[in-house]
There are 2 protein chains.
Amino acid sequence: MDKLHLSEHISQQFNEELEEVRSKVLQMGGVVEEQLNKAVKALITGSEELAAEVVQNDARVNALEVEIDDDCTRIVARRQPAASDLRLVMAVIRTINDLERIGDEVKRVAKTVGDELRGTLEEDVRQELEHMGEQVSRMLTSVLDAFARTDPDAALAVSKADRKVDVKYKAITRQLISYMMQDHSSIPVILNVLWAARALERIGDRCQNIAEYVIYLVIGKNVRYASIDEIMAELEAD
Amino acid sequence: MDKLHLSEHISQQFNEELEEVRSKVLQMGGVVEEQLNKAVKALITGSEELAAEVVQNDARVNALEVEIDDDCTRIVARRQPAASDLRLVMAVIRTINDLERIGDEVKRVAKTVGDELRGTLEEDVRQELEHMGEQVSRMLTSVLDAFARTDPDAALAVSKADRKVDVKYKAITRQLISYMMQDHSSIPVILNVLWAARALERIGDRCQNIAEYVIYLVIGKNVRYASIDEIMAELEAD
């Protein structure tokens, strides 16, 4: 076996390791998506059983993060990857951290589902929350897809979608505050709904973070504090 | 210059780079501490001027994160550090991420300070918030100190302190809800105070994250989902 062959072999093995990590991230993302959809359904239907399931399953999300994190650290230590591969590993470490935090927010949504909530959600609030849940769930699906395909344009679209979630969140908050002012015996219940809406809004923010890592993978520049216009200019220059 | 000398020289340079990164983290931590203390003061005194200053200065925190993050990526790519040094670089990347997010929460606290808040805080709420602000500020100081000295025992103490912040947060929330129920015209103002308290509580959580990275640096194991007892057992076994 000559040296070149050996080096190709090592590089092939390294690629396989990277691919395995990427596919584990998508697996983790899939679990988080499922958790999110269940939590929103529990919130809308008031199903405590479903909510309890979500709370219990969060441990799976955490375990996946620790596992992938260990994989990444091992890869960096053993393979000493060059710049572009290192960027991928860094993006993975950040992505799984955000996925894990999305899992935490999902758990918060599930925890707001309780006895006191059942039957007290006005139909219009229920619809707004359901709609917000769908928006956020679509963001998560799209950003995982953008990650899988390393597609900066798809990632940019996710970044833009977050603005809509913010608008929806503000509308729901205003509506809930006016309910609280009309009927102050409902305050503790409505506050719970507010926390749930806020958790959904935070999930949107974290999807946006992941979108930025995908863009960073492609243009190799930290874009977290750049405007969408600046990012687009970078992508066009690439 | 013989080979050994050269290698020592390179390693010496590497150590200097690592030291520089560490000292930049402490500098960033100092800025965040100052921001936190100002924001709490603005909240307690209702000073919009101070609050505006905090909002404006957040850009400094963000810029420091990007700078240190770039330093770390460059170090890993160029120096290809071995396991223990790599662990340090990883801990730095995570720490500055949490510091930046603490900066965001501080900004959220500052943003709740406005016209409508002035003069409306009951004295007891003011005192409770001030106390909570002090607790969180002490946590931040202690965890930066634990990071500077790589002291896992000090880090563990921070982890424990977070429980007290959580208890205080729950007490404040209960108090605020009862105010809202007594006087529902105060709801929008009190909600603002609730958001501020929640932001402080989140800052405590993030200090706890940083404490965990310090412990990880020492025992080389991801401790995020371990109980305090388990961590203590690990530290004793070390």
# chains A, B, ... in the order shown; residues from 1 in each chain; ligands from 1
call {"tool": "interface_residues", "arguments": {"of": "chain A", "to": "chain B", "cutoff": "9 Å", "atoms": "only C-alpha atoms", "output": "count of residues only"}}
result
33
call {"tool": "residues_around", "arguments": {"residues": "Val109 in chain A", "least_positions_apart": "2", "cutoff": "8 Å", "atoms": "only C-alpha atoms", "output": "MDAnalysis selection string"}}
result
chainID A and resid 39:40 43 105:107 111:113 195:197 199:200
call {"tool": "write_last_selection", "arguments": {"atoms": "N, CA, C and O atoms", "output": "PDB file, in the first residue's frame"}}
result
ATOM      1  N   ALA A  39     -46.065  18.380  21.161  1.00  0.00           N
ATOM      2  CA  ALA A  39     -46.292  19.378  22.217  1.00  0.00           C
ATOM      3  C   ALA A  39     -47.359  20.374  21.776  1.00  0.00           C
ATOM      4  O   ALA A  39     -48.229  20.758  22.567  1.00  0.00           O
ATOM      5  N   VAL A  40     -47.298  20.793  20.505  1.00  0.00           N
ATOM      6  CA  VAL A  40     -48.304  21.741  20.012  1.00  0.00           C
ATOM      7  C   VAL A  40     -49.672  21.067  20.017  1.00  0.00           C
ATOM      8  O   VAL A  40     -50.669  21.673  20.428  1.00  0.00           O
ATOM      9  N   LEU A  43     -50.958  21.010  23.456  1.00  0.00           N
ATOM     10  CA  LEU A  43     -51.382  22.353  23.863  1.00  0.00           C
ATOM     11  C   LEU A  43     -52.771  22.683  23.312  1.00  0.00           C
ATOM     12  O   LEU A  43     -53.625  23.240  24.024  1.00  0.00           O
ATOM     13  N   GLU A 105     -37.313  24.069  25.060  1.00  0.00           N
ATOM     14  CA  GLU A 105     -38.468  24.952  24.863  1.00  0.00           C
ATOM     15  C   GLU A 105     -39.729  24.118  24.608  1.00  0.00           C
ATOM     16  O   GLU A 105     -40.810  24.442  25.084  1.00  0.00           O
ATOM     17  N   VAL A 106     -39.558  23.041  23.833  1.00  0.00           N
ATOM     18  CA  VAL A 106     -40.684  22.144  23.559  1.00  0.00           C
ATOM     19  C   VAL A 106     -41.211  21.574  24.877  1.00  0.00           C
ATOM     20  O   VAL A 106     -42.422  21.511  25.113  1.00  0.00           O
ATOM     21  N   LYS A 107     -40.282  21.207  25.747  1.00  0.00           N
ATOM     22  CA  LYS A 107     -40.675  20.672  27.060  1.00  0.00           C
ATOM     23  C   LYS A 107     -41.443  21.743  27.837  1.00  0.00           C
ATOM     24  O   LYS A 107     -42.430  21.441  28.513  1.00  0.00           O
ATOM     25  N   LYS A 111     -45.151  21.489  29.338  1.00  0.00           N
ATOM     26  CA  LYS A 111     -45.414  21.659  30.771  1.00  0.00           C
ATOM     27  C   LYS A 111     -46.526  22.661  31.067  1.00  0.00           C
ATOM     28  O   LYS A 111     -47.039  22.710  32.190  1.00  0.00           O
ATOM     29  N   THR A 112     -46.878  23.503  30.082  1.00  0.00           N
ATOM     30  CA  THR A 112     -47.971  24.445  30.324  1.00  0.00           C
ATOM     31  C   THR A 112     -49.330  23.763  30.177  1.00  0.00           C
ATOM     32  O   THR A 112     -50.359  24.363  30.485  1.00  0.00           O
ATOM     33  N   VAL A 113     -49.322  22.522  29.653  1.00  0.00           N
ATOM     34  CA  VAL A 113     -50.588  21.805  29.467  1.00  0.00           C
ATOM     35  C   VAL A 113     -50.979  21.153  30.786  1.00  0.00           C
ATOM     36  O   VAL A 113     -50.276  20.292  31.294  1.00  0.00           O
ATOM     37  N   TRP A 195     -46.564  31.862  28.216  1.00  0.00           N
ATOM     38  CA  TRP A 195     -45.259  31.174  28.281  1.00  0.00           C
ATOM     39  C   TRP A 195     -45.108  30.226  27.097  1.00  0.00           C
ATOM     40  O   TRP A 195     -44.035  30.113  26.518  1.00  0.00           O
ATOM     41  N   ALA A 196     -46.200  29.525  26.781  1.00  0.00           N
ATOM     42  CA  ALA A 196     -46.131  28.573  25.662  1.00  0.00           C
ATOM     43  C   ALA A 196     -45.839  29.312  24.360  1.00  0.00           C
ATOM     44  O   ALA A 196     -44.977  28.889  23.565  1.00  0.00           O
ATOM     45  N   ALA A 197     -46.536  30.442  24.157  1.00  0.00           N
ATOM     46  CA  ALA A 197     -46.314  31.212  22.926  1.00  0.00           C
ATOM     47  C   ALA A 197     -44.875  31.719  22.866  1.00  0.00           C
ATOM     48  O   ALA A 197     -44.222  31.702  21.822  1.00  0.00           O
ATOM     49  N   ALA A 199     -42.285  30.345  24.272  1.00  0.00           N
ATOM     50  CA  ALA A 199     -41.387  29.216  23.987  1.00  0.00           C
ATOM     51  C   ALA A 199     -41.370  28.936  22.478  1.00  0.00           C
ATOM     52  O   ALA A 199     -40.307  28.701  21.896  1.00  0.00           O
ATOM     53  N   LEU A 200     -42.535  29.004  21.842  1.00  0.00           N
ATOM     54  CA  LEU A 200     -42.594  28.787  20.388  1.00  0.00           C
ATOM     55  C   LEU A 200     -41.791  29.862  19.653  1.00  0.00           C
ATOM     56  O   LEU A 200     -41.070  29.569  18.694  1.00  0.00           O
TER      57      LEU A 200
END
call {"tool": "atom_distance", "arguments": {"atom1": "CA of Gln175 in chain B", "atom2": "CA of Lys170 in chain A"}}
result
24.8 Å
call {"tool": "residues_around", "arguments": {"residues": "Val31 in chain B", "least_positions_apart": "3", "cutoff": "9 Å", "atoms": "only C-alpha atoms", "output": "compact mmCIF listing (two decimals) with all heavy atoms, in the first residue's frame"}}
result
# COMPACT_ATOMS: atom_id res chain seq x y z
N LEU B 26 -12.20 36.68 29.71
CA LEU B 26 -12.43 37.40 30.98
C LEU B 26 -12.78 38.86 30.72
O LEU B 26 -13.62 39.44 31.41
CB LEU B 26 -11.20 37.28 31.88
CG LEU B 26 -10.95 35.84 32.36
CD1 LEU B 26 -9.66 35.76 33.15
CD2 LEU B 26 -12.13 35.34 33.19
N GLN B 27 -12.16 39.43 29.70
CA GLN B 27 -12.49 40.81 29.33
C GLN B 27 -13.96 40.89 28.89
O GLN B 27 -14.71 41.75 29.34
CB GLN B 27 -11.57 41.23 28.17
CG GLN B 27 -11.71 42.70 27.77
CD GLN B 27 -11.20 42.92 26.35
OE1 GLN B 27 -10.38 42.15 25.83
NE2 GLN B 27 -11.67 43.99 25.71
N MET B 28 -14.36 39.94 28.03
CA MET B 28 -15.76 39.90 27.58
C MET B 28 -16.69 39.72 28.78
O MET B 28 -17.72 40.39 28.89
CB MET B 28 -15.93 38.75 26.59
CG MET B 28 -17.34 38.62 26.03
SD MET B 28 -17.46 37.21 24.87
CE MET B 28 -19.23 37.26 24.51
N GLU B 34 -20.67 44.32 33.72
CA GLU B 34 -20.96 45.75 33.81
C GLU B 34 -22.35 46.02 33.22
O GLU B 34 -23.14 46.78 33.80
CB GLU B 34 -19.89 46.48 33.01
CG GLU B 34 -19.64 47.91 33.42
CD GLU B 34 -18.68 48.56 32.43
OE1 GLU B 34 -17.58 48.00 32.19
OE2 GLU B 34 -19.03 49.61 31.87
N GLN B 35 -22.64 45.39 32.09
CA GLN B 35 -23.94 45.55 31.43
C GLN B 35 -25.07 45.09 32.36
O GLN B 35 -26.09 45.74 32.50
CB GLN B 35 -23.98 44.72 30.14
CG GLN B 35 -23.16 45.26 29.00
CD GLN B 35 -23.94 46.32 28.23
OE1 GLN B 35 -23.83 47.51 28.52
NE2 GLN B 35 -24.75 45.89 27.27
N LEU B 36 -24.85 43.93 32.98
CA LEU B 36 -25.87 43.36 33.87
C LEU B 36 -26.16 44.31 35.03
O LEU B 36 -27.32 44.61 35.34
CB LEU B 36 -25.41 41.98 34.38
CG LEU B 36 -26.25 41.34 35.48
CD1 LEU B 36 -27.69 41.10 35.03
CD2 LEU B 36 -25.64 40.01 35.93
N ASN B 57 -24.66 49.30 24.17
CA ASN B 57 -23.38 48.62 24.41
C ASN B 57 -23.39 47.13 24.09
O ASN B 57 -22.34 46.50 24.09
CB ASN B 57 -22.94 48.81 25.87
CG ASN B 57 -22.23 50.13 26.07
OD1 ASN B 57 -21.84 50.78 25.09
ND2 ASN B 57 -22.07 50.53 27.32
N ARG B 60 -20.90 45.72 21.63
CA ARG B 60 -19.53 45.41 22.06
C ARG B 60 -19.40 43.95 22.44
O ARG B 60 -18.40 43.29 22.15
CB ARG B 60 -19.15 46.26 23.28
CG ARG B 60 -18.52 47.58 22.93
CD ARG B 60 -18.11 48.33 24.19
NE ARG B 60 -16.95 47.77 24.87
CZ ARG B 60 -16.69 47.95 26.17
NH1 ARG B 60 -17.51 48.66 26.93
NH2 ARG B 60 -15.62 47.40 26.72
N VAL B 61 -20.43 43.46 23.17
CA VAL B 61 -20.43 42.05 23.59
C VAL B 61 -20.42 41.15 22.35
O VAL B 61 -19.64 40.21 22.25
CB VAL B 61 -21.65 41.75 24.48
CG1 VAL B 61 -21.70 40.28 24.86
CG2 VAL B 61 -21.63 42.63 25.73
call {"tool": "residues_around", "arguments": {"residues": "Val25 in chain B", "least_positions_apart": "6", "cutoff": "8 Å", "atoms": "only C-alpha atoms", "output": "ChimeraX atom specification"}}
result
/B:68,92,96
call {"tool": "write_last_selection", "arguments": {"atoms": "N, CA and C atoms", "output": "CSV table (one decimal), in the first residue's frame"}}
result
chain,number,residue,atom,x,y,z
B,68,ILE,N,-13.4,36.4,19.5
B,68,ILE,CA,-12.8,35.3,20.2
B,68,ILE,C,-13.1,34.0,19.4
B,92,VAL,N,-14.0,27.3,25.7
B,92,VAL,CA,-14.0,28.8,25.4
B,92,VAL,C,-15.2,29.1,24.5
B,96,ILE,N,-18.2,31.7,25.5
B,96,ILE,CA,-18.5,33.0,24.9
B,96,ILE,C,-19.8,33.0,24.3
call {"tool": "residues_around", "arguments": {"residues": "range 132-146 of chain A", "least_positions_apart": "3", "cutoff": "6 Å", "atoms": "only C-alpha atoms", "output": "ChimeraX atom specification"}}
result
/A:129,149-151,154-155,158,204,207,211
call {"tool": "write_last_selection", "arguments": {"atoms": "all heavy atoms", "output": "tab-separated table (two decimals), in the first residue's frame"}}
result
chain	number	residue	atom	x	y	z
A	129	LEU	N	-52.54	29.87	18.15
A	129	LEU	CA	-51.44	29.05	18.66
A	129	LEU	C	-51.12	27.92	17.70
A	129	LEU	O	-49.96	27.60	17.45
A	129	LEU	CB	-51.80	28.46	20.02
A	129	LEU	CG	-51.56	29.33	21.25
A	129	LEU	CD1	-52.03	28.59	22.48
A	129	LEU	CD2	-50.08	29.70	21.39
A	149	ARG	N	-28.69	19.58	3.05
A	149	ARG	CA	-28.22	19.84	1.69
A	149	ARG	C	-27.16	20.95	1.65
A	149	ARG	O	-26.73	21.34	0.58
A	149	ARG	CB	-29.42	20.22	0.81
A	149	ARG	CG	-30.40	19.06	0.64
A	149	ARG	CD	-31.53	19.40	-0.34
A	149	ARG	NE	-32.49	20.34	0.21
A	149	ARG	CZ	-32.71	21.56	-0.26
A	149	ARG	NH1	-32.05	21.99	-1.32
A	149	ARG	NH2	-33.59	22.36	0.31
A	150	THR	N	-26.76	21.45	2.84
A	150	THR	CA	-25.85	22.60	2.93
A	150	THR	C	-26.27	23.67	1.93
A	150	THR	O	-25.48	24.12	1.11
A	150	THR	CB	-24.38	22.21	2.68
A	150	THR	OG1	-24.14	20.91	3.18
A	150	THR	CG2	-23.43	23.17	3.36
A	151	ASP	N	-27.52	24.06	2.02
A	151	ASP	CA	-28.11	24.98	1.04
A	151	ASP	C	-28.31	26.37	1.69
A	151	ASP	O	-29.24	26.58	2.46
A	151	ASP	CB	-29.44	24.39	0.57
A	151	ASP	CG	-30.15	25.30	-0.43
A	151	ASP	OD1	-29.79	26.48	-0.53
A	151	ASP	OD2	-31.07	24.81	-1.09
A	154	ALA	N	-31.80	28.15	1.04
A	154	ALA	CA	-32.88	27.62	1.87
A	154	ALA	C	-32.72	28.12	3.31
A	154	ALA	O	-33.71	28.46	3.97
A	154	ALA	CB	-32.86	26.09	1.84
A	155	ALA	N	-31.48	28.21	3.77
A	155	ALA	CA	-31.22	28.70	5.13
A	155	ALA	C	-31.65	30.16	5.26
A	155	ALA	O	-32.24	30.57	6.27
A	155	ALA	CB	-29.74	28.54	5.47
A	158	VAL	N	-35.29	30.52	5.78
A	158	VAL	CA	-35.68	30.25	7.17
A	158	VAL	C	-35.47	31.51	8.01
A	158	VAL	O	-36.31	31.88	8.83
A	158	VAL	CB	-34.86	29.08	7.75
A	158	VAL	CG1	-35.11	28.94	9.25
A	158	VAL	CG2	-35.18	27.78	7.04
A	204	GLY	N	-38.38	29.50	17.11
A	204	GLY	CA	-38.14	30.18	15.84
A	204	GLY	C	-36.75	30.83	15.82
A	204	GLY	O	-36.00	30.71	14.85
A	207	CYS	N	-34.12	28.20	15.35
A	207	CYS	CA	-34.06	27.72	13.96
A	207	CYS	C	-33.25	28.72	13.13
A	207	CYS	O	-32.46	28.33	12.26
A	207	CYS	CB	-35.46	27.57	13.37
A	207	CYS	SG	-36.39	26.20	14.06
A	211	ALA	N	-29.91	28.20	10.87
A	211	ALA	CA	-29.82	28.71	9.49
A	211	ALA	C	-28.50	29.48	9.31
A	211	ALA	O	-27.83	29.35	8.28
A	211	ALA	CB	-31.01	29.61	9.18
call {"tool": "residues_around", "arguments": {"residues": "Val55 in chain A", "least_positions_apart": "3", "cutoff": "7 Å", "atoms": "only C-alpha atoms", "output": "list in words"}}
result
Ala51, Ala52, Asp58, Lys107 and Ala110 of chain A
call {"tool": "write_last_selection", "arguments": {"atoms": "N, CA, C and O atoms", "output": "PDB file, in the first residue's frame"}}
result
ATOM      1  N   ALA A  51     -48.712  15.436  26.568  1.00  0.00           N
ATOM      2  CA  ALA A  51     -47.744  16.373  27.159  1.00  0.00           C
ATOM      3  C   ALA A  51     -46.729  15.622  28.013  1.00  0.00           C
ATOM      4  O   ALA A  51     -45.523  15.887  27.950  1.00  0.00           O
ATOM      5  N   ALA A  52     -47.218  14.657  28.794  1.00  0.00           N
ATOM      6  CA  ALA A  52     -46.322  13.879  29.661  1.00  0.00           C
ATOM      7  C   ALA A  52     -45.322  13.076  28.826  1.00  0.00           C
ATOM      8  O   ALA A  52     -44.145  12.944  29.191  1.00  0.00           O
ATOM      9  N   ASP A  58     -37.815  13.997  26.330  1.00  0.00           N
ATOM     10  CA  ASP A  58     -36.746  14.995  26.189  1.00  0.00           C
ATOM     11  C   ASP A  58     -35.375  14.393  26.507  1.00  0.00           C
ATOM     12  O   ASP A  58     -34.361  14.827  25.967  1.00  0.00           O
ATOM     13  N   LYS A 107     -40.282  21.207  25.747  1.00  0.00           N
ATOM     14  CA  LYS A 107     -40.675  20.672  27.060  1.00  0.00           C
ATOM     15  C   LYS A 107     -41.443  21.743  27.837  1.00  0.00           C
ATOM     16  O   LYS A 107     -42.430  21.441  28.513  1.00  0.00           O
ATOM     17  N   ALA A 110     -44.932  21.818  26.614  1.00  0.00           N
ATOM     18  CA  ALA A 110     -45.687  20.662  27.120  1.00  0.00           C
ATOM     19  C   ALA A 110     -46.068  20.862  28.588  1.00  0.00           C
ATOM     20  O   ALA A 110     -47.155  20.473  29.017  1.00  0.00           O
TER      21      ALA A 110
END
call {"tool": "closest_residue", "arguments": {"among": "B:Val165, B:Leu217, B:Val189, B:Ala171", "to": "Arg202 in chain B", "atoms": "only C-alpha atoms"}}
result
B:Val165
call {"tool": "residues_around", "arguments": {"residues": "Asp98 in chain B", "least_positions_apart": "6", "cutoff": "10 Å", "atoms": "only C-alpha atoms", "output": "PDB file with N, CA, C and O atoms, in the first residue's frame"}}
result
ATOM      1  N   GLU B  65     -17.556  38.420  20.994  1.00  0.00           N
ATOM      2  CA  GLU B  65     -17.799  37.001  20.731  1.00  0.00           C
ATOM      3  C   GLU B  65     -17.270  36.593  19.361  1.00  0.00           C
ATOM      4  O   GLU B  65     -16.584  35.580  19.230  1.00  0.00           O
ATOM      5  N   VAL B  92     -14.025  27.332  25.714  1.00  0.00           N
ATOM      6  CA  VAL B  92     -14.039  28.773  25.439  1.00  0.00           C
ATOM      7  C   VAL B  92     -15.161  29.104  24.453  1.00  0.00           C
ATOM      8  O   VAL B  92     -15.938  30.042  24.659  1.00  0.00           O
ATOM      9  N   ASP B 104     -27.698  39.195  25.624  1.00  0.00           N
ATOM     10  CA  ASP B 104     -29.042  39.354  25.043  1.00  0.00           C
ATOM     11  C   ASP B 104     -30.108  39.473  26.127  1.00  0.00           C
ATOM     12  O   ASP B 104     -31.025  40.278  26.020  1.00  0.00           O
ATOM     13  N   ILE B 203     -30.423  34.206  32.943  1.00  0.00           N
ATOM     14  CA  ILE B 203     -28.995  34.525  33.095  1.00  0.00           C
ATOM     15  C   ILE B 203     -28.375  33.559  34.112  1.00  0.00           C
ATOM     16  O   ILE B 203     -27.275  33.048  33.912  1.00  0.00           O
ATOM     17  N   ASP B 205     -29.350  30.523  34.648  1.00  0.00           N
ATOM     18  CA  ASP B 205     -29.197  29.249  33.940  1.00  0.00           C
ATOM     19  C   ASP B 205     -27.923  29.228  33.107  1.00  0.00           C
ATOM     20  O   ASP B 205     -27.207  28.226  33.049  1.00  0.00           O
ATOM     21  N   ARG B 206     -27.650  30.347  32.445  1.00  0.00           N
ATOM     22  CA  ARG B 206     -26.477  30.385  31.563  1.00  0.00           C
ATOM     23  C   ARG B 206     -25.173  30.419  32.360  1.00  0.00           C
ATOM     24  O   ARG B 206     -24.163  29.882  31.923  1.00  0.00           O
ATOM     25  N   CYS B 207     -25.207  31.038  33.544  1.00  0.00           N
ATOM     26  CA  CYS B 207     -24.020  30.972  34.410  1.00  0.00           C
ATOM     27  C   CYS B 207     -23.773  29.515  34.794  1.00  0.00           C
ATOM     28  O   CYS B 207     -22.625  29.061  34.862  1.00  0.00           O
ATOM     29  N   GLN B 208     -24.879  28.811  35.043  1.00  0.00           N
ATOM     30  CA  GLN B 208     -24.754  27.392  35.379  1.00  0.00           C
ATOM     31  C   GLN B 208     -24.135  26.615  34.204  1.00  0.00           C
ATOM     32  O   GLN B 208     -23.289  25.745  34.405  1.00  0.00           O
ATOM     33  N   ASN B 209     -24.545  26.947  32.978  1.00  0.00           N
ATOM     34  CA  ASN B 209     -23.922  26.304  31.812  1.00  0.00           C
ATOM     35  C   ASN B 209     -22.410  26.497  31.841  1.00  0.00           C
ATOM     36  O   ASN B 209     -21.646  25.547  31.656  1.00  0.00           O
ATOM     37  N   ILE B 210     -21.983  27.744  32.053  1.00  0.00           N
ATOM     38  CA  ILE B 210     -20.538  28.035  32.036  1.00  0.00           C
ATOM     39  C   ILE B 210     -19.836  27.242  33.143  1.00  0.00           C
ATOM     40  O   ILE B 210     -18.756  26.691  32.933  1.00  0.00           O
TER      41      ILE B 210
END
call {"tool": "decode", "arguments": {"residues": "range 20-69 of chain B", "atoms": "C-alpha atoms", "output": "compact mmCIF listing (two decimals), in the first residue's frame"}}
result
# COMPACT_ATOMS: atom_id res chain seq x y z
CA GLU B 20 -4.58 35.51 25.16
CA VAL B 21 -7.90 33.84 24.36
CA ARG B 22 -8.52 33.15 28.03
CA SER B 23 -7.83 36.75 28.96
CA LYS B 24 -10.14 37.96 26.17
CA VAL B 25 -12.91 35.75 27.60
CA LEU B 26 -12.43 37.40 30.98
CA GLN B 27 -12.49 40.81 29.33
CA MET B 28 -15.76 39.90 27.58
CA GLY B 29 -17.10 38.60 30.89
CA GLY B 30 -16.21 41.91 32.52
CA VAL B 31 -18.18 43.84 29.90
CA VAL B 32 -21.20 41.56 30.38
CA GLU B 33 -21.00 41.98 34.17
CA GLU B 34 -20.96 45.75 33.81
CA GLN B 35 -23.94 45.55 31.43
CA LEU B 36 -25.87 43.36 33.87
CA ASN B 37 -25.28 45.65 36.82
CA LYS B 38 -26.31 48.70 34.81
CA ALA B 39 -29.46 47.00 33.53
CA VAL B 40 -30.57 45.99 37.02
CA LYS B 41 -29.88 49.51 38.25
CA ALA B 42 -31.91 50.92 35.34
CA LEU B 43 -34.76 48.54 36.20
CA ILE B 44 -34.77 49.49 39.88
CA THR B 45 -34.39 53.24 39.39
CA GLY B 46 -36.43 53.43 36.17
CA SER B 47 -33.56 55.27 34.44
CA GLU B 48 -34.24 55.17 30.71
CA GLU B 49 -30.91 56.81 30.00
CA LEU B 50 -29.01 53.97 31.67
CA ALA B 51 -31.25 51.42 29.93
CA ALA B 52 -30.52 52.98 26.52
CA GLU B 53 -26.80 52.81 27.28
CA VAL B 54 -27.09 49.08 27.99
CA VAL B 55 -28.99 48.43 24.76
CA GLN B 56 -26.38 50.33 22.79
CA ASN B 57 -23.38 48.62 24.41
CA ASP B 58 -24.63 45.14 23.56
CA ALA B 59 -22.88 45.49 20.20
CA ARG B 60 -19.53 45.41 22.06
CA VAL B 61 -20.43 42.05 23.59
CA ASN B 62 -21.38 40.66 20.18
CA ALA B 63 -18.19 41.95 18.58
CA LEU B 64 -16.07 40.32 21.28
CA GLU B 65 -17.80 37.00 20.73
CA VAL B 66 -17.14 37.07 16.99
CA GLU B 67 -13.49 38.04 17.61
CA ILE B 68 -12.81 35.30 20.17
CA ASP B 69 -14.70 32.75 18.11
